[in-house]
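Taking it in order: structure first as structure tokens, then the write-up.
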Amino acid sequence: MGRRILSHFGLIVAVVIVLFPILWVLRTSLVPAQDSYSAAILPSVTLDNYRALFAEKNFGRNYMNSLVVASLSVIVAMPLAAMTGYAFARFRTGGRLARLATLASQMLPPVALALPTFMLFRNVGLTNSLTGLTIVYAAINLPFLTWILMGFFEAIPEDLEGAAMTDGATRWGAFWRVVLPVAAPGIMAAAVLGFILSWNEFLFALILGGSNTATVPVALASLQTSNGVQISNVAAGVSLAILPLMIAAKFIQKYLVEGLSFGSVK
Amino acid sequence: MGRRILSHFGLIVAVVIVLFPILWVLRTSLVPAQDSYSAAILPSVTLDNYRALFAEKNFGRNYMNSLVVASLSVIVAMPLAAMTGYAFARFRTGGRLARLATLASQMLPPVALALPTFMLFRNVGLTNSLTGLTIVYAAINLPFLTWILMGFFEAIPEDLEGAAMTDGATRWGAFWRVVLPVAAPGIMAAAVLGFILSWNEFLFALILGGSNTATVPVALASLQTSNGVQISNVAAGVSLAILPLMIAAKFIQKYLVEGLSFGSVK
Amino acid sequence: MSEIKLNKVSRDYGLGIFGVRDVSLEIEEGEFMVLLGPSGCGKSTTLRMIAGLEETTDGQISIAGRDVTRLAPRHRNVAVVFQSYALYPHMSVRENMRFGMKMRKTPRDEQDRRIAQAASVLGLQPYLDRKPSALSGGQRQRVALGRAIVREPDVFLMDEPLSNLDAKLRGEMRQELVKLHRRVGKTTVFVTHDHVEAMTMGDRICIMRNGRVEQVGVPLEVYARPRNTFVAQFLATPAMNLIEAQLNAEGEAVMLSAGPIAGPLPEREAALYRAAVERKLLFGLRAEDIVTQPRPGAQAFQGIVTVLEALGPENLIVVETAGQSVSARVDRHFLPRIGDEVTLYADLAHTHLFDAASGDAIAREV
Amino acid sequence: MSEIKLNKVSRDYGLGIFGVRDVSLEIEEGEFMVLLGPSGCGKSTTLRMIAGLEETTDGQISIAGRDVTRLAPRHRNVAVVFQSYALYPHMSVRENMRFGMKMRKTPRDEQDRRIAQAASVLGLQPYLDRKPSALSGGQRQRVALGRAIVREPDVFLMDEPLSNLDAKLRGEMRQELVKLHRRVGKTTVFVTHDHVEAMTMGDRICIMRNGRVEQVGVPLEVYARPRNTFVAQFLATPAMNLIEAQLNAEGEAVMLSAGPIAGPLPEREAALYRAAVERKLLFGLRAEDIVTQPRPGAQAFQGIVTVLEALGPENLIVVETAGQSVSARVDRHFLPRIGDEVTLYADLAHTHLFDAASGDAIAREV
């Protein structure tokens, strides 16, 4: 019993350590600028920092850009990733080489790809465009989602598809009506991860974007690097940047935790 | 049979598309600077670009920095990650909240953490130091490795530890002598991924590093952004940046592919 | 009409490895055919080839006179009951049953009628709206059956459907399946490694080993006349006793000499096996043909009891004698102690003889 | 001395859910005790509590007179054979066996000696340097056994060790395990859901249901005198026939009236059960006590054959009569056809009687 209390105490401490910076950022975003560095927890509450962010820094545009690019890149990559992952899982398509290429593409240093991508995109007129950024993020998401979904599909017993196919479904029908619904929690989890991957991406957004197409991370960086950092504005921006993550955590934590404990898809 | 040839053909095309840019970068790094943009495949071969990189750009220092920081961060994070992942997998320590916090920490936008980290590190004198960078990378690797290893440990039947413990081992002994060796392929794979994650990291390396502590990605970025990009030097740098990845792919592809097909640890 | 014909069917995995090799088998309309054999013998592969879930690399398979060798599973009109049940986990029991009919565009009211009927036959009414994960193993098994039945397929293919059930439930489902088959009357192929299931369920059984067919026949006939020692031993627990033996002619009589068991064969057996005199043989006798009371034609022998298994209704004993272990299935009142010397009687009227080298049964001269 | 005592042992999962509840059981030195019951009855949990792999939330467990309730598994000196075998996949067979001895610091040459001996007993010599993944299911099972034996523990704990084997192999391993136990002579607890294993292997059996003990005793005694209908039905296939019944006194005689079966109880049974006259009862009769030939004390009844299972050595039949299904285990030569009307004889000398409401056996007046 004593041991249990001890380990729970340790956990609470750990959670506080993890959460404290986030909570403090949230707090800083909600107090007037002059109180940013005060030790008082909540001297007074205001939404001025958020208002300033949207009114003066055009943060609404950045936010929309991020939402559009991150969502579209997942929507574009997911069907392809599902089919490729299924092919890898069931037909051993391409064997080890194809799997390795998928993994390897995840491991290329983004910096090494930045310049070639920029030059290529400039030639075809895709710099400073959300389309260009969506394409890049879809290309990043594709192997990532493929790999994750491959794992989920491998965990689904093949007999399920055998049953569907003798029940009258085509191979495609078995995939569509049985495999996909069964893998749904995993697919949801993968989609959330892919979204967040794109949402947080900084390097390509910086290189390929312009002022109209800047995403949230680019905007945050410029807030932080501009002369005389306004910490309260930064805090508001960071709070908003974390918002989708918190929504995801709140509403689909079940999917996230169950879907991503690898190999435990029921 | 016709279908098979077709799908193999498709695969070969896909592989060429994936590999071509990498091969072309390698080619560019091996030809004299004046042939960089020529269409000839290998007009002549030289190591001058590499020599210049090391002699003029101090790339050797960057390379060592990256190797040290990436290796140390994995070495520091791995034991903690293994124990945490095991606790999550077996004792449901912290329940869903702790798992969620682990996942969530992966999803915080790095840009949002950059400024606070920089300010904190400047106060304690960890900017422009490899120690500081190692700490950051270990902190990034810890939840990442924890999550991956948790999946591997969950896939190991609990009876194995039961057998070890009735055979005379302590819980720790069962973990050390049975669970860890059985999970070894997964741990190897996770270590490689963690190394590459750190190896490729750009943002924190840029913010926290100085000229002496610049890592490979920072050096590549400066090569690319300096006036009059020397494409042959960049190509040599990129080739070297990819080298550890290729070594990993070559020597431990078995671990990578088997260890990471989630849920299939034998 | 839904007979199944396999004509020299093979499953070649390449590199000279065969899952199934040159299997020919005719399963009649309405017949309950059991494929029996140890794990890895190719019985499941054969079933999956009939279903179209495994590629047939050589030979032809026809169902109801139609060559289906290259047809997709959905065009074969077969229903498979998997060992794992393979229920759709995201669908309720009702939707699981409906799926196949929906795929085949059965009218909706006909779907409902068949589901209601199958649920009533299988006692599944209370569970129709549950997900499979909320059911017990036995209930899942019934759902898997129900899903197959409502389809009204030409052929039922069952891949060890009882092996995940408790011993208790397995015995009950065995009888239920046979009753069901009698009612539905559809051609059924049933794969199992359990000889009790094979004996009790099959109209005929097909015993396989190493991808080939060893013997096909009515269970009691195969039991009475196994073609070789493998079939003889596989089809019973305890396995048939096998003892190296020789026959010698002494005038009219044929004398058997098999380790501890020796004596003249009864008249009928003597006539049948006269030609096998002086060959190297294996003498086979089933455990239930070794009895505890003398009877005509039974030869007495002594042995030390080394195993006694009191099952309740009867006892299994093993005695050691002359370096041989001999198993006997005896009356429940015969309860010797381990180490006792007992006298048993080998009923030579049930003699089996096999060639010592090949293991094949000695041809009877009828 | 390595007897095991469980004193009111419980496993409380919280929220009023118990895996095991108030189980008391004494297992004697050298005894082979079988825990038998359907899945979820708490038998495996009990075994794991003895091993220390499951927490004991209430009660005491002692091994060899020592209270081990709070001891770690490694301090209990027990060896567990798991259903999954739980062989260390990264170690060879030899290293698997050596592991436990290494942990206990057995001298190296003693380790080698014991490994060699166990390997020879279990026929594992050719496989000592293989990894478990290169072995068949039966071989893995033997390695799991070998790993337990070489440890020379006080107690063997076996959790359904045969359930992953083929029917054939299971029967053989059953006998081997009993022989092994006789040679090693160590206290053994064996968990199974298979009543045949329980009957044939146990010195005593402990039948569990819903986390509680239903009956403990020598197999044949429990078989002969089940304490309630659950035990009566669980301990045999087919399950004991149970028919609603009443007894009526007619002078000296006691008349049984149980559906199709009616008649005077034999003298001995009449005396035993006289007190149960006019109560609502269940009449129980085992399938082997329904015979095909008249005998003294046996009451004839007619029925329609609905199931015939010809096992080879004997047949199981089910007849329908007066709305009752009655199972009988009959001679292999008795082969009616489905739908035939047959006459059978219920041997009332083997009558079991239970209270209709509680299912408890009616106390015999001895």
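Residues are named by chain letter and number: chains run A, B, ... in the order of the structure tokens, numbers start at 1 in each chain, and ligands are numbered from 1 in the order shown.
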
Could you please tell me, as a compact mmCIF listing (two decimals) with all heavy atoms, in the first residue's frame, which residues of chain C have an atom within 9 Å of chain D when using only C-alpha atoms?
# COMPACT_ATOMS: atom_id res chain seq x y z
N PRO C 38 -2.91 -35.44 -38.94
CA PRO C 38 -2.13 -34.65 -37.98
C PRO C 38 -1.86 -33.26 -38.55
O PRO C 38 -2.09 -33.02 -39.74
CB PRO C 38 -0.83 -35.44 -37.84
CG PRO C 38 -0.71 -36.22 -39.11
CD PRO C 38 -2.11 -36.50 -39.58
N SER C 39 -1.37 -32.34 -37.71
CA SER C 39 -1.13 -30.99 -38.21
C SER C 39 -0.07 -31.04 -39.31
O SER C 39 0.87 -31.82 -39.25
CB SER C 39 -0.72 -30.04 -37.08
OG SER C 39 -0.04 -30.71 -36.07
N ASP C 166 -14.25 -25.80 -25.22
CA ASP C 166 -13.97 -26.71 -24.11
C ASP C 166 -14.37 -28.13 -24.48
O ASP C 166 -15.27 -28.34 -25.29
CB ASP C 166 -14.80 -26.30 -22.89
CG ASP C 166 -14.08 -25.26 -22.05
OD1 ASP C 166 -13.06 -24.75 -22.53
OD2 ASP C 166 -14.52 -25.00 -20.93
N ALA C 167 -13.71 -29.09 -23.84
CA ALA C 167 -13.99 -30.50 -24.11
C ALA C 167 -15.48 -30.78 -24.04
O ALA C 167 -16.06 -31.47 -24.89
CB ALA C 167 -13.24 -31.37 -23.11
N LYS C 168 -16.10 -30.23 -23.04
CA LYS C 168 -17.52 -30.43 -22.77
C LYS C 168 -18.39 -29.97 -23.92
O LYS C 168 -19.21 -30.73 -24.47
CB LYS C 168 -17.84 -29.55 -21.54
CG LYS C 168 -19.06 -29.93 -20.81
CD LYS C 168 -18.82 -31.14 -19.98
CE LYS C 168 -20.13 -31.83 -19.74
NZ LYS C 168 -19.91 -33.26 -19.68
N GLY C 171 -18.17 -31.87 -27.31
CA GLY C 171 -19.00 -33.06 -27.43
C GLY C 171 -20.43 -32.72 -27.79
O GLY C 171 -21.06 -33.39 -28.63
N GLU C 172 -20.95 -31.65 -27.21
CA GLU C 172 -22.33 -31.27 -27.50
C GLU C 172 -22.47 -30.75 -28.92
O GLU C 172 -23.40 -31.10 -29.65
CB GLU C 172 -22.80 -30.20 -26.51
CG GLU C 172 -22.94 -30.72 -25.09
CD GLU C 172 -23.06 -29.59 -24.07
OE1 GLU C 172 -23.40 -28.46 -24.48
OE2 GLU C 172 -22.79 -29.84 -22.90
N GLN C 175 -22.69 -33.32 -31.75
CA GLN C 175 -24.01 -33.88 -32.02
C GLN C 175 -24.91 -32.85 -32.71
O GLN C 175 -25.66 -33.19 -33.63
CB GLN C 175 -24.66 -34.34 -30.72
CG GLN C 175 -23.86 -35.44 -30.02
CD GLN C 175 -24.61 -36.07 -28.86
OE1 GLN C 175 -25.71 -35.66 -28.52
NE2 GLN C 175 -24.01 -37.08 -28.26
N VAL C 178 -24.11 -32.59 -36.39
CA VAL C 178 -24.61 -33.72 -37.18
C VAL C 178 -26.11 -33.58 -37.40
O VAL C 178 -26.61 -33.81 -38.51
CB VAL C 178 -24.27 -35.06 -36.47
CG1 VAL C 178 -25.00 -36.20 -37.13
CG2 VAL C 178 -22.77 -35.29 -36.49
N LYS C 179 -26.82 -33.17 -36.35
CA LYS C 179 -28.27 -32.98 -36.51
C LYS C 179 -28.56 -31.89 -37.54
O LYS C 179 -29.45 -32.01 -38.38
CB LYS C 179 -28.90 -32.57 -35.16
CG LYS C 179 -29.11 -33.73 -34.22
CD LYS C 179 -29.88 -33.27 -32.99
CE LYS C 179 -29.91 -34.36 -31.92
NZ LYS C 179 -30.37 -33.82 -30.62
N HIS C 193 -8.36 -32.70 -36.59
CA HIS C 193 -7.28 -33.62 -36.24
C HIS C 193 -7.75 -34.60 -35.18
O HIS C 193 -6.97 -35.40 -34.67
CB HIS C 193 -6.06 -32.85 -35.75
CG HIS C 193 -6.30 -32.08 -34.48
ND1 HIS C 193 -6.57 -30.74 -34.46
CD2 HIS C 193 -6.36 -32.48 -33.21
CE1 HIS C 193 -6.77 -30.34 -33.22
NE2 HIS C 193 -6.65 -31.38 -32.44
N ASP C 194 -9.03 -34.53 -34.84
CA ASP C 194 -9.57 -35.31 -33.74
C ASP C 194 -10.29 -36.52 -34.31
O ASP C 194 -11.32 -36.40 -34.97
CB ASP C 194 -10.52 -34.42 -32.94
CG ASP C 194 -11.07 -35.12 -31.71
OD1 ASP C 194 -11.16 -36.37 -31.71
OD2 ASP C 194 -11.41 -34.42 -30.74
N HIS C 195 -9.76 -37.71 -34.03
CA HIS C 195 -10.34 -38.90 -34.66
C HIS C 195 -11.73 -39.19 -34.13
O HIS C 195 -12.54 -39.81 -34.81
CB HIS C 195 -9.43 -40.12 -34.46
CG HIS C 195 -9.31 -40.52 -33.03
ND1 HIS C 195 -8.43 -39.92 -32.16
CD2 HIS C 195 -9.97 -41.44 -32.30
CE1 HIS C 195 -8.55 -40.47 -30.97
NE2 HIS C 195 -9.48 -41.40 -31.03
N VAL C 196 -12.04 -38.72 -32.91
CA VAL C 196 -13.40 -38.94 -32.40
C VAL C 196 -14.40 -38.15 -33.22
O VAL C 196 -15.45 -38.66 -33.62
CB VAL C 196 -13.49 -38.56 -30.91
CG1 VAL C 196 -14.93 -38.65 -30.43
CG2 VAL C 196 -12.59 -39.44 -30.08
N GLU C 197 -14.06 -36.89 -33.52
CA GLU C 197 -14.95 -36.11 -34.38
C GLU C 197 -15.10 -36.78 -35.73
O GLU C 197 -16.19 -36.85 -36.28
CB GLU C 197 -14.38 -34.68 -34.56
CG GLU C 197 -14.55 -33.81 -33.33
CD GLU C 197 -13.90 -32.44 -33.47
OE1 GLU C 197 -13.50 -32.08 -34.59
OE2 GLU C 197 -13.78 -31.75 -32.44
N ALA C 198 -14.01 -37.25 -36.27
CA ALA C 198 -14.06 -37.88 -37.59
C ALA C 198 -14.96 -39.11 -37.57
O ALA C 198 -15.84 -39.28 -38.41
CB ALA C 198 -12.65 -38.26 -38.04
N MET C 199 -14.74 -39.99 -36.58
CA MET C 199 -15.52 -41.22 -36.50
C MET C 199 -17.01 -40.93 -36.35
O MET C 199 -17.85 -41.58 -36.96
CB MET C 199 -15.06 -42.06 -35.29
CG MET C 199 -13.70 -42.71 -35.43
SD MET C 199 -13.62 -43.93 -36.75
CE MET C 199 -14.81 -45.14 -36.15
N THR C 200 -17.34 -39.94 -35.50
CA THR C 200 -18.75 -39.76 -35.15
C THR C 200 -19.50 -38.85 -36.11
O THR C 200 -20.72 -38.91 -36.19
CB THR C 200 -18.87 -39.15 -33.73
OG1 THR C 200 -18.14 -37.92 -33.70
CG2 THR C 200 -18.29 -40.09 -32.71
N MET C 201 -18.79 -38.00 -36.84
CA MET C 201 -19.50 -37.02 -37.65
C MET C 201 -19.52 -37.39 -39.12
O MET C 201 -20.46 -37.04 -39.84
CB MET C 201 -18.86 -35.64 -37.47
CG MET C 201 -18.90 -35.17 -36.03
SD MET C 201 -18.11 -33.58 -35.79
CE MET C 201 -19.36 -32.49 -36.46
N PRO C 219 -16.50 -44.43 -41.84
CA PRO C 219 -15.68 -44.50 -40.63
C PRO C 219 -15.53 -45.91 -40.07
O PRO C 219 -14.40 -46.36 -39.85
CB PRO C 219 -16.43 -43.59 -39.64
CG PRO C 219 -17.11 -42.60 -40.48
CD PRO C 219 -17.47 -43.30 -41.76
N LEU C 220 -16.62 -46.62 -39.86
CA LEU C 220 -16.49 -47.93 -39.24
C LEU C 220 -15.75 -48.92 -40.13
O LEU C 220 -15.07 -49.82 -39.65
CB LEU C 220 -17.87 -48.49 -38.87
CG LEU C 220 -18.50 -47.84 -37.63
CD1 LEU C 220 -19.86 -48.46 -37.33
CD2 LEU C 220 -17.60 -47.96 -36.40
N TYR C 223 -12.14 -48.03 -39.81
CA TYR C 223 -11.74 -48.49 -38.48
C TYR C 223 -11.51 -50.00 -38.50
O TYR C 223 -10.54 -50.50 -37.93
CB TYR C 223 -12.83 -48.13 -37.47
CG TYR C 223 -12.44 -48.35 -36.03
CD1 TYR C 223 -11.73 -47.37 -35.34
CD2 TYR C 223 -12.80 -49.51 -35.36
CE1 TYR C 223 -11.38 -47.56 -34.02
CE2 TYR C 223 -12.45 -49.71 -34.03
CZ TYR C 223 -11.74 -48.73 -33.36
OH TYR C 223 -11.39 -48.92 -32.06
N ALA C 224 -12.39 -50.71 -39.19
CA ALA C 224 -12.29 -52.17 -39.21
C ALA C 224 -11.18 -52.62 -40.15
O ALA C 224 -10.55 -53.65 -39.92
CB ALA C 224 -13.62 -52.77 -39.63
N PHE C 234 -3.74 -43.94 -36.19
CA PHE C 234 -4.26 -42.59 -36.02
C PHE C 234 -5.72 -42.59 -35.59
O PHE C 234 -6.18 -41.66 -34.93
CB PHE C 234 -4.11 -41.80 -37.32
CG PHE C 234 -4.24 -40.33 -37.11
CD1 PHE C 234 -3.16 -39.59 -36.66
CD2 PHE C 234 -5.45 -39.68 -37.32
CE1 PHE C 234 -3.28 -38.23 -36.42
CE2 PHE C 234 -5.57 -38.32 -37.08
CZ PHE C 234 -4.49 -37.60 -36.63
N LEU C 235 -6.43 -43.65 -35.94
CA LEU C 235 -7.89 -43.61 -35.81
C LEU C 235 -8.40 -44.02 -34.43
O LEU C 235 -9.60 -44.24 -34.26
CB LEU C 235 -8.50 -44.50 -36.89
CG LEU C 235 -9.85 -44.03 -37.44
CD1 LEU C 235 -9.79 -42.60 -37.89
CD2 LEU C 235 -10.33 -44.95 -38.54
N ALA C 236 -7.55 -44.14 -33.44
CA ALA C 236 -8.05 -44.53 -32.12
C ALA C 236 -7.09 -44.07 -31.03
O ALA C 236 -5.91 -43.89 -31.26
CB ALA C 236 -8.22 -46.05 -32.04
N THR C 237 -7.62 -43.86 -29.86
CA THR C 237 -6.83 -43.65 -28.66
C THR C 237 -7.27 -44.69 -27.65
O THR C 237 -8.47 -44.76 -27.36
CB THR C 237 -7.06 -42.26 -28.05
OG1 THR C 237 -6.99 -41.29 -29.07
CG2 THR C 237 -6.04 -41.96 -26.98
N PRO C 238 -6.41 -45.49 -27.08
CA PRO C 238 -5.01 -45.63 -27.45
C PRO C 238 -4.86 -46.19 -28.86
O PRO C 238 -5.77 -46.84 -29.37
CB PRO C 238 -4.47 -46.63 -26.43
CG PRO C 238 -5.66 -47.38 -25.96
CD PRO C 238 -6.81 -46.43 -26.04
N ALA C 239 -3.70 -45.90 -29.48
CA ALA C 239 -3.46 -46.37 -30.84
C ALA C 239 -3.47 -47.90 -30.88
O ALA C 239 -3.27 -48.56 -29.86
CB ALA C 239 -2.11 -45.84 -31.33
N ARG C 286 -6.56 -53.95 -31.74
CA ARG C 286 -7.07 -52.75 -31.07
C ARG C 286 -7.22 -53.01 -29.58
O ARG C 286 -7.41 -54.14 -29.13
CB ARG C 286 -8.42 -52.35 -31.67
CG ARG C 286 -8.31 -51.96 -33.13
CD ARG C 286 -9.33 -50.89 -33.48
NE ARG C 286 -9.19 -50.47 -34.87
CZ ARG C 286 -8.42 -49.45 -35.26
NH1 ARG C 286 -7.71 -48.78 -34.38
NH2 ARG C 286 -8.35 -49.13 -36.53
N ALA C 287 -7.15 -51.90 -28.84
CA ALA C 287 -7.17 -52.01 -27.37
C ALA C 287 -8.43 -52.70 -26.87
O ALA C 287 -8.41 -53.40 -25.86
CB ALA C 287 -7.04 -50.62 -26.75
N GLU C 288 -9.57 -52.51 -27.57
CA GLU C 288 -10.81 -53.11 -27.09
C GLU C 288 -10.90 -54.59 -27.44
O GLU C 288 -11.81 -55.29 -26.99
CB GLU C 288 -12.04 -52.37 -27.63
CG GLU C 288 -12.20 -52.44 -29.14
CD GLU C 288 -11.56 -51.26 -29.83
OE1 GLU C 288 -10.60 -50.68 -29.24
OE2 GLU C 288 -11.98 -50.91 -30.94
N ASP C 289 -9.96 -55.10 -28.25
CA ASP C 289 -9.96 -56.53 -28.58
C ASP C 289 -9.05 -57.31 -27.67
O ASP C 289 -8.76 -58.49 -27.91
CB ASP C 289 -9.57 -56.72 -30.05
CG ASP C 289 -10.63 -56.11 -30.98
OD1 ASP C 289 -11.83 -56.26 -30.66
OD2 ASP C 289 -10.26 -55.49 -31.98
N THR C 306 1.52 -51.17 -16.15
CA THR C 306 2.35 -49.98 -15.97
C THR C 306 1.53 -48.69 -16.01
O THR C 306 1.96 -47.66 -15.52
CB THR C 306 3.44 -49.88 -17.05
OG1 THR C 306 2.80 -49.85 -18.34
CG2 THR C 306 4.37 -51.06 -16.99
N VAL C 307 0.36 -48.75 -16.62
CA VAL C 307 -0.50 -47.57 -16.67
C VAL C 307 -1.92 -48.02 -16.41
O VAL C 307 -2.36 -49.05 -16.93
CB VAL C 307 -0.45 -46.89 -18.06
CG1 VAL C 307 -1.49 -45.77 -18.16
CG2 VAL C 307 0.93 -46.33 -18.34
N LEU C 308 -2.62 -47.27 -15.57
CA LEU C 308 -4.05 -47.51 -15.39
C LEU C 308 -4.74 -46.17 -15.48
O LEU C 308 -4.47 -45.27 -14.69
CB LEU C 308 -4.32 -48.15 -14.02
CG LEU C 308 -5.79 -48.16 -13.61
CD1 LEU C 308 -6.60 -49.09 -14.49
CD2 LEU C 308 -5.96 -48.55 -12.16
N GLU C 309 -5.59 -46.02 -16.46
CA GLU C 309 -6.36 -44.79 -16.58
C GLU C 309 -7.82 -45.13 -16.40
O GLU C 309 -8.45 -45.68 -17.31
CB GLU C 309 -6.14 -44.13 -17.95
CG GLU C 309 -4.70 -43.70 -18.19
CD GLU C 309 -4.58 -42.78 -19.39
OE1 GLU C 309 -5.37 -42.91 -20.34
OE2 GLU C 309 -3.68 -41.92 -19.38
N ALA C 310 -8.36 -44.77 -15.24
CA ALA C 310 -9.77 -45.05 -14.97
C ALA C 310 -10.59 -43.88 -15.47
O ALA C 310 -10.58 -42.81 -14.88
CB ALA C 310 -9.98 -45.27 -13.47
N LEU C 311 -11.26 -44.05 -16.61
CA LEU C 311 -12.00 -42.95 -17.21
C LEU C 311 -13.35 -42.76 -16.56
O LEU C 311 -14.01 -41.75 -16.80
CB LEU C 311 -12.21 -43.23 -18.70
CG LEU C 311 -10.94 -43.36 -19.54
CD1 LEU C 311 -11.28 -43.81 -20.94
CD2 LEU C 311 -10.18 -42.05 -19.57
N GLY C 312 -13.81 -43.75 -15.78
CA GLY C 312 -15.15 -43.69 -15.25
C GLY C 312 -15.96 -44.81 -15.86
O GLY C 312 -16.14 -45.85 -15.24
N PRO C 313 -16.42 -44.61 -17.11
CA PRO C 313 -17.20 -45.68 -17.74
C PRO C 313 -16.35 -46.90 -18.11
O PRO C 313 -16.90 -47.98 -18.31
CB PRO C 313 -17.78 -45.02 -18.99
CG PRO C 313 -17.05 -43.75 -19.18
CD PRO C 313 -16.44 -43.37 -17.88
N GLU C 314 -15.05 -46.71 -18.23
CA GLU C 314 -14.19 -47.83 -18.61
C GLU C 314 -12.77 -47.48 -18.20
O GLU C 314 -12.51 -46.36 -17.78
CB GLU C 314 -14.25 -48.07 -20.12
CG GLU C 314 -13.70 -46.88 -20.89
CD GLU C 314 -14.06 -46.91 -22.35
OE1 GLU C 314 -14.51 -47.95 -22.83
OE2 GLU C 314 -13.86 -45.88 -23.00
N ASN C 315 -11.86 -48.44 -18.31
CA ASN C 315 -10.48 -48.19 -17.94
C ASN C 315 -9.55 -48.49 -19.10
O ASN C 315 -9.78 -49.42 -19.86
CB ASN C 315 -10.08 -49.06 -16.74
CG ASN C 315 -10.96 -48.81 -15.55
OD1 ASN C 315 -11.49 -47.72 -15.37
ND2 ASN C 315 -11.14 -49.85 -14.73
N LEU C 316 -8.50 -47.68 -19.21
CA LEU C 316 -7.43 -48.00 -20.15
C LEU C 316 -6.25 -48.51 -19.34
O LEU C 316 -5.88 -47.89 -18.33
CB LEU C 316 -7.00 -46.75 -20.92
CG LEU C 316 -8.07 -46.08 -21.77
CD1 LEU C 316 -7.48 -44.88 -22.50
CD2 LEU C 316 -8.66 -47.07 -22.76
N ARG C 329 -8.38 -51.72 -23.49
CA ARG C 329 -9.52 -50.94 -23.03
C ARG C 329 -10.41 -51.93 -22.29
O ARG C 329 -10.95 -52.86 -22.92
CB ARG C 329 -10.23 -50.39 -24.26
CG ARG C 329 -11.36 -49.45 -24.04
CD ARG C 329 -11.99 -49.11 -25.39
NE ARG C 329 -11.22 -48.16 -26.14
CZ ARG C 329 -11.40 -46.83 -26.06
NH1 ARG C 329 -12.30 -46.33 -25.25
NH2 ARG C 329 -10.68 -46.02 -26.79

* Asked: Taking only C-alpha atoms into account, what are the residues of chain C at most 10 Å from chain A, put as a VMD selection string?
  -> chain C and resid 48 51 to 54 72 to 91 96 to 105 133 144 147 to 148 151 153

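Nearest-residue note for chain A: choosing from B:Thr134, B:Asn212, B:Met78, B:Ala101, the minimum distance belongs to B:Ala101, counting only C-alpha atoms.
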
* Asked: DSSP says strand (DSSP E or B) for which residues of stretch 3-240 of chain D? Put them as a PyMOL selection string?
  -> chain D and resi 4-14+17-27+32-36+58-63+66-67+78-81+155-159+187-192+204-209+212-217+228

* **Every residue of stretch 200-249 of chain A that DSSP places in helix (DSSP H, G or I), as a ChimeraX atom specification** => /A:200,203-208,216-225,231-249

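The interatomic distance for the pair atom CA of C:Glu95 and atom CA of C:Leu177 works out to 22.6 Å.
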
* Find the residues near C:Val34: any atom within 7 Å, counting only C-alpha atoms, skip ones fewer than 2 places away on the same chain, and give them as a ChimeraX atom specification. => /C:32,36,189-191,198,202,204-206

Convert the current residue selection to file output with C-alpha atoms, as a tab-separated table (two decimals), in the first residue's frame.
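Listing of out_5.tsv after writing:
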chain	number	residue	atom	x	y	z
C	32	PHE	CA	-20.56	-35.10	-44.74
C	36	LEU	CA	-8.60	-36.10	-40.88
C	189	VAL	CA	-16.34	-30.84	-45.80
C	190	PHE	CA	-15.12	-30.87	-42.22
C	191	VAL	CA	-11.45	-30.67	-41.29
C	198	ALA	CA	-14.06	-37.88	-37.59
C	202	GLY	CA	-18.36	-38.22	-41.03
C	204	ARG	CA	-17.04	-40.82	-44.91
C	205	ILE	CA	-13.59	-39.83	-43.76
C	206	CYS	CA	-10.50	-39.03	-45.76
